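Text of coords-v3.cif (mmCIF, C-alpha atoms) as supplied:
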```cif
data_entry
#
loop_
_atom_site.label_atom_id
_atom_site.label_comp_id
_atom_site.auth_asym_id
_atom_site.auth_seq_id
_atom_site.Cartn_x
_atom_site.Cartn_y
_atom_site.Cartn_z
CA MET F 9 3.29 -1.13 99.43
CA LYS F 10 0.74 -3.74 98.52
CA LEU F 11 -2.41 -2.47 96.83
CA GLY F 12 -5.47 -4.44 97.77
CA TYR F 13 -9.21 -4.26 97.43
CA GLY F 14 -10.60 -0.77 97.89
CA THR F 15 -7.32 1.09 97.37
CA CYS F 16 -8.39 2.72 94.08
CA LEU F 17 -11.79 3.64 95.47
CA LEU F 18 -10.29 6.21 97.85
CA TYR F 19 -8.89 8.58 95.21
CA ILE F 20 -11.65 9.36 92.70
CA PRO F 21 -14.42 10.43 95.11
CA GLY F 22 -12.08 12.92 96.80
CA TRP F 23 -11.52 15.01 93.70
CA ALA F 24 -15.12 14.49 92.56
CA LEU F 25 -16.29 15.95 95.87
CA SER F 26 -13.83 18.82 95.52
CA LEU F 27 -15.10 19.62 92.02
CA SER F 28 -18.69 19.46 93.22
CA VAL F 29 -18.00 21.86 96.07
CA HIS F 30 -16.20 24.28 93.76
CA LEU F 31 -19.05 24.17 91.24
CA TRP F 32 -21.60 24.72 94.01
CA LEU F 33 -19.67 27.68 95.39
CA LEU F 34 -19.29 29.18 91.92
CA GLY F 35 -23.04 28.92 91.38
CA LEU F 36 -23.78 30.31 94.83
CA PHE F 37 -21.51 33.34 94.49
CA THR F 38 -22.64 34.04 90.93
CA SER F 39 -26.32 33.97 91.83
CA LEU F 40 -25.95 35.93 95.08
CA PHE F 41 -23.35 38.47 93.94
CA PRO F 42 -25.20 41.77 93.82
CA GLY F 43 -23.12 43.30 91.01
CA ALA F 44 -23.49 40.40 88.57
CA GLU F 45 -25.55 41.17 85.50
CA LYS F 46 -28.28 38.86 84.30
CA THR F 47 -26.45 38.38 81.00
CA ALA F 48 -23.37 37.13 82.87
CA LYS F 49 -25.54 34.73 84.84
CA ALA F 50 -27.25 33.52 81.66
CA THR F 51 -23.88 33.05 79.96
CA LEU F 52 -22.53 31.02 82.87
CA MET F 53 -25.60 28.76 83.25
CA PRO F 54 -24.91 26.32 80.33
CA TRP F 55 -21.31 25.89 81.49
CA HIS F 56 -22.55 25.24 85.01
CA ILE F 57 -24.99 22.60 83.76
CA TYR F 58 -22.40 20.82 81.60
CA ALA F 59 -19.76 20.88 84.34
CA GLY F 60 -22.27 19.47 86.81
CA MET F 61 -23.17 16.67 84.40
CA VAL F 62 -19.50 15.87 83.83
CA ILE F 63 -18.95 15.59 87.58
CA PHE F 64 -22.10 13.46 87.89
CA VAL F 65 -21.01 11.11 85.08
CA LEU F 66 -17.53 10.79 86.62
CA ALA F 67 -19.10 9.89 89.97
CA VAL F 68 -21.32 7.29 88.30
CA CYS F 69 -18.33 5.82 86.45
CA SER F 70 -16.40 5.68 89.73
CA THR F 71 -19.31 3.85 91.37
CA GLU F 72 -19.64 1.37 88.51
CA MET F 73 -15.90 0.69 88.54
CA GLY F 74 -16.03 0.15 92.30
CA LEU F 75 -18.82 -2.39 91.87
CA ALA F 76 -16.87 -4.16 89.13
CA GLN F 77 -13.78 -4.17 91.32
CA ALA F 78 -15.72 -5.66 94.22
CA PHE F 79 -17.20 -8.27 91.91
CA ILE F 80 -13.78 -9.30 90.59
CA PHE F 81 -11.79 -9.23 93.84
CA LEU F 82 -14.44 -11.05 95.85
CA GLY F 83 -14.78 -13.70 93.15
CA LEU F 84 -18.55 -13.71 93.33
CA GLY F 85 -19.21 -15.80 90.20
CA ARG F 86 -22.85 -16.94 90.14
CA SER F 87 -24.11 -16.27 93.64
CA GLN F 88 -26.78 -14.20 95.35
CA GLU F 89 -24.23 -11.48 96.09
CA ALA F 90 -23.36 -11.33 92.39
CA LEU F 91 -27.02 -10.70 91.54
CA ILE F 92 -27.17 -7.90 94.10
CA VAL F 93 -24.03 -6.29 92.69
CA ASN F 94 -25.28 -6.63 89.10
CA PHE F 95 -28.72 -5.18 89.79
CA THR F 96 -27.21 -2.37 91.86
CA GLY F 97 -24.98 -1.48 88.91
CA LEU F 98 -27.93 -1.67 86.53
CA PHE F 99 -30.09 0.58 88.71
CA ILE F 100 -27.26 3.11 89.07
CA PHE F 101 -26.84 3.16 85.30
CA LEU F 102 -30.58 3.59 84.70
CA PHE F 103 -30.69 6.40 87.28
CA ALA F 104 -27.77 8.15 85.57
CA ALA F 105 -29.42 7.76 82.16
CA SER F 106 -32.69 9.21 83.45
CA VAL F 107 -30.87 12.18 85.03
CA GLY F 108 -28.97 12.79 81.80
CA LEU F 109 -32.15 12.68 79.72
CA THR F 110 -33.93 14.98 82.16
CA VAL F 111 -31.13 17.53 82.00
CA PHE F 112 -30.44 17.51 78.26
CA LEU F 113 -33.83 16.96 76.64
CA PRO F 114 -35.68 20.16 75.75
CA ARG F 115 -38.39 21.30 78.09
CA GLY F 116 -41.93 22.11 77.04
CA ASP F 117 -41.81 25.75 78.20
#
```

I need this file expressed as structure tokens, please.
Amino acid sequence: MKLGYGTCLLYIPGWALSLSVHLWLLGLFTSLFPGAEKTAKATLMPWHIYAGMVIFVLAVCSTEMGLAQAFIFLGLGRSQEALIVNFTGLFIFLFAASVGLTVFLPRGD
């Protein structure tokens, strides 16, 4: 079987989506379960936040690797398409950095 452009891109988002759905369901059932104590919910919250950030970072890494793969396999060099790919990657990275800072920096409560 010959592996070509886009072959690797099909595997990572599948398990990233599966992890996201499992994390969402865990949060939903924990918050809506009538017998759950507030201490159990408070104990689970940091783990939920960190797991969500790990999934988010993995999705961003997958996206950046996909852009790099497209750049390499299409042989863009110094063209207008290369600028679009580079700025898209830069904006995705800046978005991920801003989300990470928003989640992990202390709030002014």

Taking the file above as input, evaluate the PyMOL selection byres ((chain F and resi 25-29) around 12) and report the hits as a PDB file with C-alpha atoms, keeping the file's coordinate frame.
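The result, stored in out-v4.pdb:
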```pdb
ATOM      1  CA  LEU F  18     -10.290   6.210  97.850  1.00  0.00           C
ATOM      2  CA  TYR F  19      -8.890   8.580  95.210  1.00  0.00           C
ATOM      3  CA  ILE F  20     -11.650   9.360  92.700  1.00  0.00           C
ATOM      4  CA  PRO F  21     -14.420  10.430  95.110  1.00  0.00           C
ATOM      5  CA  GLY F  22     -12.080  12.920  96.800  1.00  0.00           C
ATOM      6  CA  TRP F  23     -11.520  15.010  93.700  1.00  0.00           C
ATOM      7  CA  ALA F  24     -15.120  14.490  92.560  1.00  0.00           C
ATOM      8  CA  HIS F  30     -16.200  24.280  93.760  1.00  0.00           C
ATOM      9  CA  LEU F  31     -19.050  24.170  91.240  1.00  0.00           C
ATOM     10  CA  TRP F  32     -21.600  24.720  94.010  1.00  0.00           C
ATOM     11  CA  LEU F  33     -19.670  27.680  95.390  1.00  0.00           C
ATOM     12  CA  LEU F  34     -19.290  29.180  91.920  1.00  0.00           C
ATOM     13  CA  GLY F  35     -23.040  28.920  91.380  1.00  0.00           C
ATOM     14  CA  LEU F  36     -23.780  30.310  94.830  1.00  0.00           C
ATOM     15  CA  HIS F  56     -22.550  25.240  85.010  1.00  0.00           C
ATOM     16  CA  ILE F  57     -24.990  22.600  83.760  1.00  0.00           C
ATOM     17  CA  ALA F  59     -19.760  20.880  84.340  1.00  0.00           C
ATOM     18  CA  GLY F  60     -22.270  19.470  86.810  1.00  0.00           C
ATOM     19  CA  MET F  61     -23.170  16.670  84.400  1.00  0.00           C
ATOM     20  CA  VAL F  62     -19.500  15.870  83.830  1.00  0.00           C
ATOM     21  CA  ILE F  63     -18.950  15.590  87.580  1.00  0.00           C
ATOM     22  CA  PHE F  64     -22.100  13.460  87.890  1.00  0.00           C
ATOM     23  CA  VAL F  65     -21.010  11.110  85.080  1.00  0.00           C
ATOM     24  CA  LEU F  66     -17.530  10.790  86.620  1.00  0.00           C
ATOM     25  CA  ALA F  67     -19.100   9.890  89.970  1.00  0.00           C
ATOM     26  CA  SER F  70     -16.400   5.680  89.730  1.00  0.00           C
TER      27      SER F  70
END
```

Run the PyMOL selection byres ((chain F and resi 96) around 12) mentally over the shown coordinates, then write out the matched residues as a PyMOL selection string, using the chain letters and numbers from the document. chain F and resi 68+71-72+74-76+79+89-95+97-103

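For the atom pair formed by CA of Ala78 (chain F) and CA of Leu109 (chain F), the distance is 28.6 Å, given to one decimal.
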
Expressed in Å to a single decimal, how great is the separation between CA of Ser106 (chain F) and CA of Gln88 (chain F)?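 Computing it gives 26.9 Å between the two atoms.
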
Need the axis-aligned box for region 52-55 of chain F with 8 Å each side, so what are the centre and edges in Å to one decimal, as AutoDock Vina command-line options?
```
--center_x -23.5 --center_y 28.5 --center_z 81.8 --size_x 20.3 --size_y 21.1 --size_z 18.9
```

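When CA of Thr51 (chain F) is paired with CA of Thr38 (chain F), their separation reads 11.1 Å.
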